[in-house]
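A.B. asks: my_file.pdb (PDB, C-alpha atoms) pasted underneath:
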```pdb
ATOM      1  CA  MET A 136     -45.906  -9.179  37.709
ATOM      2  CA  THR A 137     -42.216  -8.649  38.417
ATOM      3  CA  ALA A 138     -39.789  -7.706  35.681
ATOM      4  CA  THR A 139     -36.583  -9.660  35.525
ATOM      5  CA  THR A 140     -33.336  -8.420  34.152
ATOM      6  CA  ALA A 141     -30.571 -10.410  32.586
ATOM      7  CA  PRO A 142     -27.285 -10.475  34.439
ATOM      8  CA  THR A 143     -24.893  -7.810  33.202
ATOM      9  CA  ALA A 144     -21.574  -9.005  31.839
ATOM     10  CA  SER A 145     -18.444  -7.121  32.761
ATOM     11  CA  PRO A 146     -16.351  -5.659  29.906
ATOM     12  CA  ALA A 147     -13.510  -8.055  30.748
ATOM     13  CA  SER A 148     -15.781 -11.075  30.320
ATOM     14  CA  LEU A 149     -16.881  -9.828  26.868
ATOM     15  CA  ALA A 150     -13.332  -9.819  25.461
ATOM     16  CA  PRO A 151     -12.498 -13.043  23.612
ATOM     17  CA  ALA A 152      -9.594 -15.050  24.947
ATOM     18  CA  PRO A 153      -6.774 -15.767  22.490
ATOM     19  CA  LEU A 154      -7.340 -19.224  21.014
ATOM     20  CA  ASP A 155      -3.732 -20.384  21.355
ATOM     21  CA  ASP A 156      -3.388 -19.511  25.062
ATOM     22  CA  PRO A 157      -6.650 -18.789  26.921
ATOM     23  CA  GLY A 158      -4.720 -17.583  29.988
ATOM     24  CA  ARG A 159      -2.699 -14.926  28.136
ATOM     25  CA  ALA A 160      -3.884 -11.333  28.370
ATOM     26  CA  PRO A 161      -4.132  -9.243  25.194
ATOM     27  CA  LEU A 162      -1.304  -6.794  24.559
ATOM     28  CA  PRO A 163      -2.060  -3.076  24.765
ATOM     29  CA  GLY A 164      -2.298  -1.123  21.525
ATOM     30  CA  SER A 165       1.106   0.188  20.426
ATOM     31  CA  PRO A 166       3.189   0.736  17.285
ATOM     32  CA  GLU A 167       5.021  -2.529  18.037
ATOM     33  CA  LEU A 168       1.760  -4.473  18.309
ATOM     34  CA  LEU A 169       0.461  -3.042  15.039
ATOM     35  CA  ARG A 170       3.730  -3.883  13.238
ATOM     36  CA  SER A 171       3.742  -7.416  14.681
ATOM     37  CA  VAL A 172       0.159  -8.080  13.608
ATOM     38  CA  PHE A 173       0.636  -6.680  10.110
ATOM     39  CA  ARG A 174       3.808  -8.748   9.566
ATOM     40  CA  ARG A 175       1.392 -11.683   9.578
ATOM     41  CA  HIS A 176      -0.859 -10.033   6.976
ATOM     42  CA  ALA A 177       0.095 -10.806   3.375
ATOM     43  CA  ALA A 178      -0.335  -7.743   1.173
ATOM     44  CA  GLY A 179      -0.033  -7.098  -2.523
ATOM     45  CA  VAL A 180       2.885  -4.942  -3.634
ATOM     46  CA  ALA A 181       2.466  -1.781  -5.679
ATOM     47  CA  VAL A 182       4.719   1.055  -6.745
ATOM     48  CA  ILE A 183       3.224   4.533  -6.670
ATOM     49  CA  THR A 184       4.789   7.097  -9.017
ATOM     50  CA  ALA A 185       4.358  10.824  -9.539
ATOM     51  CA  GLU A 186       6.051  13.642 -11.405
ATOM     52  CA  SER A 187       7.425  16.659  -9.577
ATOM     53  CA  GLY A 188       9.144  19.550 -11.325
ATOM     54  CA  GLY A 189       9.941  17.433 -14.359
ATOM     55  CA  ARG A 190      11.459  14.643 -12.252
ATOM     56  CA  PRO A 191       9.920  11.242 -11.515
ATOM     57  CA  ALA A 192       9.355  10.114  -7.925
ATOM     58  CA  GLY A 193       8.039   6.847  -6.543
ATOM     59  CA  PHE A 194       7.858   4.402  -3.657
ATOM     60  CA  THR A 195       6.781   0.853  -2.838
ATOM     61  CA  ALA A 196       3.386   0.568  -1.142
ATOM     62  CA  THR A 197       1.664  -2.380   0.501
ATOM     63  CA  SER A 198      -1.249  -0.287   1.746
ATOM     64  CA  LEU A 199      -3.148  -0.180  -1.556
ATOM     65  CA  ASN A 200      -6.923  -0.667  -1.284
ATOM     66  CA  SER A 201      -9.914  -0.514  -3.572
ATOM     67  CA  VAL A 202     -12.345   2.097  -2.249
ATOM     68  CA  SER A 203     -15.165   2.271  -4.801
ATOM     69  CA  ALA A 204     -15.980   0.751  -8.189
ATOM     70  CA  ASP A 205     -18.265   3.612  -9.217
ATOM     71  CA  PRO A 206     -16.562   6.018  -9.302
ATOM     72  CA  PRO A 207     -13.371   3.910  -9.612
ATOM     73  CA  MET A 208     -11.384   4.940  -6.525
ATOM     74  CA  LEU A 209      -8.492   3.548  -4.511
ATOM     75  CA  SER A 210      -6.446   4.526  -1.486
ATOM     76  CA  PHE A 211      -2.929   4.098  -0.116
ATOM     77  CA  THR A 212      -0.847   5.680   2.615
ATOM     78  CA  ILE A 213       2.449   7.552   2.551
ATOM     79  CA  GLY A 214       4.562   8.961   5.365
ATOM     80  CA  THR A 215       5.023  12.724   5.312
ATOM     81  CA  GLY A 216       8.755  12.186   5.863
ATOM     82  CA  ALA A 217       9.113  10.024   2.744
ATOM     83  CA  SER A 218      11.242  11.384  -0.100
ATOM     84  CA  SER A 219       8.279  10.896  -2.477
ATOM     85  CA  TRP A 220       5.838  12.769  -0.251
ATOM     86  CA  PRO A 221       6.393  16.211  -1.870
ATOM     87  CA  ALA A 222       5.539  14.787  -5.322
ATOM     88  CA  VAL A 223       2.413  13.058  -3.978
ATOM     89  CA  ARG A 224       1.471  16.103  -1.905
ATOM     90  CA  ASP A 225       1.754  18.530  -4.800
ATOM     91  CA  GLY A 226       0.793  16.374  -7.784
ATOM     92  CA  GLU A 227      -2.661  16.150  -9.298
ATOM     93  CA  TYR A 228      -2.057  12.730 -10.922
ATOM     94  CA  LEU A 229      -0.116   9.633  -9.931
ATOM     95  CA  GLY A 230       0.589   6.146 -11.195
ATOM     96  CA  VAL A 231      -0.291   2.913  -9.420
ATOM     97  CA  HIS A 232       1.589  -0.195 -10.569
ATOM     98  CA  ILE A 233       0.728  -3.739  -9.448
ATOM     99  CA  LEU A 234       3.985  -5.693  -9.333
ATOM    100  CA  GLY A 235       4.486  -9.296 -10.402
ATOM    101  CA  GLU A 236       6.499 -11.899  -8.520
ATOM    102  CA  HIS A 237       9.274 -11.406 -11.098
ATOM    103  CA  GLN A 238       9.728  -7.828  -9.814
ATOM    104  CA  ARG A 239      11.155  -8.369  -6.323
ATOM    105  CA  GLU A 240      14.239  -6.310  -7.162
ATOM    106  CA  LEU A 241      12.098  -3.436  -8.449
ATOM    107  CA  ALA A 242       9.992  -3.519  -5.261
ATOM    108  CA  GLY A 243      13.167  -3.449  -3.173
ATOM    109  CA  LEU A 244      14.620  -0.582  -5.203
ATOM    110  CA  PHE A 245      11.525   1.592  -4.731
ATOM    111  CA  ALA A 246      11.432   0.687  -1.012
ATOM    112  CA  ARG A 247      15.070   1.659  -0.374
ATOM    113  CA  SER A 248      15.769   5.131   0.961
ATOM    114  CA  GLY A 249      18.257   7.103  -1.116
ATOM    115  CA  ALA A 250      18.138   4.711  -4.096
ATOM    116  CA  ASP A 251      18.234   5.951  -7.688
ATOM    117  CA  ARG A 252      14.756   4.586  -8.382
ATOM    118  CA  PHE A 253      14.533   5.894 -11.953
ATOM    119  CA  GLY A 254      18.139   5.131 -12.902
ATOM    120  CA  PRO A 255      19.294   3.301 -16.060
ATOM    121  CA  ASP A 256      18.106  -0.107 -14.784
ATOM    122  CA  THR A 257      14.484   1.036 -14.384
ATOM    123  CA  ALA A 258      12.411   0.769 -17.559
ATOM    124  CA  TRP A 259       9.765   3.496 -17.581
ATOM    125  CA  ALA A 260       8.187   6.153 -19.776
ATOM    126  CA  PRO A 261       5.939   9.164 -19.269
ATOM    127  CA  GLY A 262       2.262   8.197 -19.495
ATOM    128  CA  PRO A 263      -1.032  10.075 -19.437
ATOM    129  CA  HIS A 264      -0.822  13.403 -17.568
ATOM    130  CA  GLY A 265       3.001  13.033 -17.475
ATOM    131  CA  VAL A 266       2.835  10.260 -14.858
ATOM    132  CA  PRO A 267       5.896   7.959 -14.877
ATOM    133  CA  LEU A 268       4.761   4.455 -15.918
ATOM    134  CA  LEU A 269       6.881   1.381 -15.194
ATOM    135  CA  ASP A 270       7.344  -1.336 -17.826
ATOM    136  CA  GLY A 271       6.570  -5.001 -17.230
ATOM    137  CA  VAL A 272       4.044  -4.635 -14.402
ATOM    138  CA  LEU A 273       0.927  -6.802 -14.043
ATOM    139  CA  ALA A 274      -1.365  -3.777 -14.249
ATOM    140  CA  TRP A 275      -1.241  -0.009 -13.934
ATOM    141  CA  LEU A 276      -3.565   2.913 -13.356
ATOM    142  CA  VAL A 277      -3.194   6.642 -13.714
ATOM    143  CA  CYS A 278      -5.259   8.304 -11.011
ATOM    144  CA  ARG A 279      -6.353  11.826 -10.121
ATOM    145  CA  VAL A 280      -5.866  12.626  -6.442
ATOM    146  CA  VAL A 281      -9.177  13.596  -4.820
ATOM    147  CA  ALA A 282      -8.165  13.701  -1.120
ATOM    148  CA  ARG A 283      -5.167  13.673   1.204
ATOM    149  CA  VAL A 284      -6.425  12.727   4.667
ATOM    150  CA  PRO A 285      -4.140  13.264   7.704
ATOM    151  CA  ALA A 286      -3.472  10.076   9.692
ATOM    152  CA  GLY A 287      -0.708  10.545  12.265
ATOM    153  CA  ALA A 288       2.619  11.026  10.482
ATOM    154  CA  HIS A 289       1.044   9.699   7.278
ATOM    155  CA  ARG A 290      -1.569  10.724   4.758
ATOM    156  CA  VAL A 291      -4.253   8.501   3.296
ATOM    157  CA  ILE A 292      -4.392   9.322  -0.387
ATOM    158  CA  ILE A 293      -7.698   8.756  -2.157
ATOM    159  CA  ALA A 294      -7.523   8.819  -5.936
ATOM    160  CA  GLU A 295      -9.829   8.182  -8.882
ATOM    161  CA  ALA A 296      -8.661   6.016 -11.795
ATOM    162  CA  VAL A 297      -8.701   7.900 -15.125
ATOM    163  CA  ALA A 298      -6.714   5.448 -17.327
ATOM    164  CA  GLY A 299      -5.004   2.089 -17.030
ATOM    165  CA  ASP A 300      -4.053  -1.300 -18.389
ATOM    166  CA  PRO A 301      -4.745  -4.625 -16.611
ATOM    167  CA  ALA A 302      -3.151  -6.828 -19.313
ATOM    168  CA  GLY A 303       0.276  -7.650 -17.838
ATOM    169  CA  GLU A 304       1.157 -11.314 -17.458
ATOM    170  CA  GLY A 305       2.302 -13.187 -14.394
ATOM    171  CA  ARG A 306       1.398 -13.670 -10.766
ATOM    172  CA  PRO A 307       1.298 -10.973  -8.073
ATOM    173  CA  LEU A 308       4.148 -10.150  -5.736
ATOM    174  CA  LEU A 309       3.252 -10.308  -2.030
ATOM    175  CA  TYR A 310       4.768  -8.794   1.096
ATOM    176  CA  HIS A 311       4.708 -10.982   4.204
ATOM    177  CA  GLN A 312       6.864 -11.257   7.349
ATOM    178  CA  GLY A 313       9.066  -8.383   6.146
ATOM    179  CA  ARG A 314       9.916 -10.037   2.805
ATOM    180  CA  PHE A 315       8.718 -10.021  -0.785
ATOM    181  CA  ASN A 316       7.170 -13.406  -1.596
ATOM    182  CA  ALA A 317       5.541 -15.310  -4.423
ATOM    183  CA  LEU A 318       1.958 -16.536  -4.328
ATOM    184  CA  ARG A 319       1.645 -20.282  -3.708
ATOM    185  CA  ASP A 320      -1.328 -22.432  -4.677
TER     186      ASP A 320
END
```
Could you show the structure in this file as structure tokens?

C.D. replies:
Amino acid sequence: MTATTAPTASPASLAPAPLDDPGRAPLPGSPELLRSVFRRHAAGVAVITAESGGRPAGFTATSLNSVSADPPMLSFTIGTGASSWPAVRDGEYLGVHILGEHQRELAGLFARSGADRFGPDTAWAPGPHGVPLLDGVLAWLVCRVVARVPAGAHRVIIAEAVAGDPAGEGRPLLYHQGRFNALRD
């Protein structure tokens, strides 16, 4: 009896062809490719806050993810060159705020470098563990940081929820194609 073997496919023949143009070759991995792909990915918008030396700090994040329900954990990323990085790096607790579509200006404020994010136009108050909590958000959590994982020029922050409130009203704010957008049915 003779054993037969199946023909071996080459790696190039295993790669799927793009559906819109079967003759086009895939682009090589690069920062530009990653940015271009993620501009097409709609993401929820959150503001992360922390307290540092008695002063509030915060930034807009679209990298928020649920990690585990039990224990209740989430993750997000922050660049180590960001003005809020020292507060996130050194703080034990932080706030996570899910923004509503009525909060485009707030999202833009916390995304802008050099802005007075906690100025007179920002409604906030100290919450559990001294974490700055923003008013009028759809939901918020206070979380204890459990890990800061290096990832290039960023850190992946993993944090466990210790308190929160999901009772805000409205619809979520989204980030898509470089703009803040409303959810459509």

A.B. asks: Tell me which residues the PyMOL selection byres ((chain A and resi 238-240) around 8) grabs here, as a PyMOL selection string.

C.D. replies: chain A and resi 234-237+241-244+272+308+315-316

A.B. asks: Between A:Ala192, A:Ala286, A:Val172, A:Ala177, which residue has the minimum interatomic distance to Trp259 (chain A), considering all atoms listed in the file?

C.D. replies: A:Ala192

A.B. asks: Name the residues that the PyMOL selection byres ((chain A and resi 211) around 8) picks from the file above, as an MDAnalysis selection string, using the file's chain letters and numbers.

C.D. replies: chainID A and resid 196:200 209:210 212:213 291:293

A.B. asks: For region 183-187 of chain A, find every residue with an atom within 6 Å (counting all atoms listed in the file), except residues of its own chain fewer than 2 positions away, and show them as a list in words.

C.D. replies: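 Counting all atoms listed in the file, the residues come to Gly189, Arg190, Pro191, Ala192, Gly193, Phe194, Ala222, Leu229, Gly230, Val231 and Val266 of chain A.
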
A.B. asks: Could you write those residues out with C-alpha atoms, as an mmCIF file, keeping the file's coordinate frame?

C.D. replies:
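Output file out_19.cif is given in full below:
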```cif
data_model
loop_
_atom_site.group_PDB
_atom_site.id
_atom_site.type_symbol
_atom_site.label_atom_id
_atom_site.label_comp_id
_atom_site.auth_asym_id
_atom_site.auth_seq_id
_atom_site.Cartn_x
_atom_site.Cartn_y
_atom_site.Cartn_z
ATOM 1 C CA GLY A 189 9.941 17.433 -14.359
ATOM 2 C CA ARG A 190 11.459 14.643 -12.252
ATOM 3 C CA PRO A 191 9.920 11.242 -11.515
ATOM 4 C CA ALA A 192 9.355 10.114 -7.925
ATOM 5 C CA GLY A 193 8.039 6.847 -6.543
ATOM 6 C CA PHE A 194 7.858 4.402 -3.657
ATOM 7 C CA ALA A 222 5.539 14.787 -5.322
ATOM 8 C CA LEU A 229 -0.116 9.633 -9.931
ATOM 9 C CA GLY A 230 0.589 6.146 -11.195
ATOM 10 C CA VAL A 231 -0.291 2.913 -9.420
ATOM 11 C CA VAL A 266 2.835 10.260 -14.858
#
```

A.B. asks: Could you check how far CA of Val297 (chain A) sits from CA of Cys278 (chain A), in Å to one decimal?

C.D. replies: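 Separation of CA of Val297 (chain A) and CA of Cys278 (chain A): 5.4 Å.
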
A.B. asks: Just how far from CA of Pro161 (chain A) is CA of Ala288 (chain A), in Å to one decimal?

C.D. replies: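 That distance, rounded to one decimal, is 25.9 Å.
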
A.B. asks: Using the chain letters and numbers from the file, give me the residues hit by the PyMOL selection byres ((chain A and resi 282) around 10), as a compact mmCIF listing (two decimals) with C-alpha atoms, in the frame of the given file.

C.D. replies:
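Result saved to expr.txt:
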```
# COMPACT_ATOMS: atom_id res chain seq x y z
CA SER A 210 -6.45 4.53 -1.49
CA ARG A 224 1.47 16.10 -1.90
CA ARG A 279 -6.35 11.83 -10.12
CA VAL A 280 -5.87 12.63 -6.44
CA VAL A 281 -9.18 13.60 -4.82
CA ARG A 283 -5.17 13.67 1.20
CA VAL A 284 -6.42 12.73 4.67
CA PRO A 285 -4.14 13.26 7.70
CA ARG A 290 -1.57 10.72 4.76
CA VAL A 291 -4.25 8.50 3.30
CA ILE A 292 -4.39 9.32 -0.39
CA ILE A 293 -7.70 8.76 -2.16
CA ALA A 294 -7.52 8.82 -5.94
CA GLU A 295 -9.83 8.18 -8.88
```

A.B. asks: I need the residue nearest Arg252 (chain A) from this list: A:Asp320, A:Gly271, A:Tyr310, A:Val182. Use only C-alpha atoms for the distance.

C.D. replies: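 Looking at the shortest contact to Arg252 (chain A), the residue is A:Val182.
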
A.B. asks: I'd like the neighbourhood of His264 (chain A) as a PyMOL selection string, where a residue qualifies if any of its atoms comes within 9 Å (using only C-alpha atoms), though same-chain residues fewer than 2 positions away should be ignored.

C.D. replies: chain A and resi 227-229+261-262+266+277

A.B. asks: Is it possible to get the axis-aligned box enclosing region 203-214 of chain A (all listed atoms, 5 Å extra per side) as JSON, with centre and edge lengths in Å rounded to one decimal?

C.D. replies:
```
{"center_x": -6.9, "center_y": 4.9, "center_z": -2.1, "size_x": 32.8, "size_y": 18.2, "size_z": 25.0}
```

A.B. asks: Identify, on the basis of only C-alpha atoms, every residue whose closest approach to Gln312 (chain A) does not exceed 6 Å; exclude the query and any residue fewer than 2 positions from it along the same chain; express the result as a VMD selection string.

C.D. replies: chain A and resid 174 to 175 314

A.B. asks: With C-alpha atoms retained, write the just-selected residues as a JSON list (two decimals), in the coordinates of the input.

C.D. replies:
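Printed below is part-v9.json as written:
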```json
[["chain", "number", "residue", "atom", "x", "y", "z"],
["A", 174, "ARG", "CA", 3.81, -8.75, 9.57],
["A", 175, "ARG", "CA", 1.39, -11.68, 9.58],
["A", 314, "ARG", "CA", 9.92, -10.04, 2.80]]
```

A.B. asks: Kindly complete region 200-217 of chain A to N, CA, C and O atoms; the output should be written as a compact mmCIF listing (two decimals), in the frame of the given file.

C.D. replies:
```
# COMPACT_ATOMS: atom_id res chain seq x y z
N ASN A 200 -5.57 -0.12 -1.48
CA ASN A 200 -6.92 -0.67 -1.28
C ASN A 200 -7.88 -0.13 -2.33
O ASN A 200 -7.81 1.03 -2.71
N SER A 201 -8.81 -0.96 -2.75
CA SER A 201 -9.91 -0.51 -3.57
C SER A 201 -10.91 0.18 -2.66
O SER A 201 -11.23 -0.33 -1.58
N VAL A 202 -11.40 1.34 -3.06
CA VAL A 202 -12.34 2.10 -2.25
C VAL A 202 -13.75 2.02 -2.84
O VAL A 202 -14.72 1.80 -2.13
N SER A 203 -13.86 2.21 -4.15
CA SER A 203 -15.16 2.27 -4.80
C SER A 203 -15.01 1.85 -6.26
O SER A 203 -14.03 2.20 -6.90
N ALA A 204 -15.99 1.11 -6.77
CA ALA A 204 -15.98 0.75 -8.19
C ALA A 204 -16.62 1.85 -9.04
O ALA A 204 -16.24 2.04 -10.19
N ASP A 205 -17.57 2.58 -8.46
CA ASP A 205 -18.26 3.61 -9.22
C ASP A 205 -18.51 4.82 -8.31
O ASP A 205 -19.44 4.77 -7.50
N PRO A 206 -17.67 5.85 -8.37
CA PRO A 206 -16.56 6.02 -9.30
C PRO A 206 -15.38 5.12 -8.92
O PRO A 206 -15.25 4.73 -7.75
N PRO A 207 -14.50 4.81 -9.88
CA PRO A 207 -13.37 3.91 -9.61
C PRO A 207 -12.30 4.59 -8.76
O PRO A 207 -11.53 5.41 -9.25
N MET A 208 -12.29 4.28 -7.45
CA MET A 208 -11.38 4.94 -6.52
C MET A 208 -10.58 3.94 -5.72
O MET A 208 -11.04 2.83 -5.44
N LEU A 209 -9.38 4.37 -5.33
CA LEU A 209 -8.49 3.55 -4.51
C LEU A 209 -7.86 4.42 -3.45
O LEU A 209 -7.99 5.65 -3.48
N SER A 210 -7.17 3.78 -2.51
CA SER A 210 -6.45 4.53 -1.49
C SER A 210 -5.12 3.85 -1.19
O SER A 210 -4.94 2.66 -1.45
N PHE A 211 -4.20 4.61 -0.63
CA PHE A 211 -2.93 4.10 -0.12
C PHE A 211 -2.43 5.12 0.90
O PHE A 211 -2.96 6.22 1.00
N THR A 212 -1.41 4.74 1.65
CA THR A 212 -0.85 5.68 2.62
C THR A 212 0.60 5.98 2.27
O THR A 212 1.29 5.18 1.63
N ILE A 213 1.06 7.15 2.71
CA ILE A 213 2.45 7.55 2.55
C ILE A 213 2.84 8.38 3.77
O ILE A 213 2.05 9.21 4.25
N GLY A 214 4.04 8.16 4.26
CA GLY A 214 4.56 8.96 5.36
C GLY A 214 4.96 10.35 4.89
O GLY A 214 5.50 10.50 3.79
N THR A 215 4.69 11.35 5.70
CA THR A 215 5.02 12.72 5.31
C THR A 215 6.52 12.99 5.36
O THR A 215 6.97 14.02 4.86
N GLY A 216 7.30 12.06 5.88
CA GLY A 216 8.76 12.19 5.86
C GLY A 216 9.39 11.46 4.69
O GLY A 216 10.61 11.52 4.52
N ALA A 217 8.58 10.78 3.88
CA ALA A 217 9.11 10.02 2.74
C ALA A 217 9.63 10.97 1.66
O ALA A 217 9.07 12.05 1.44
```
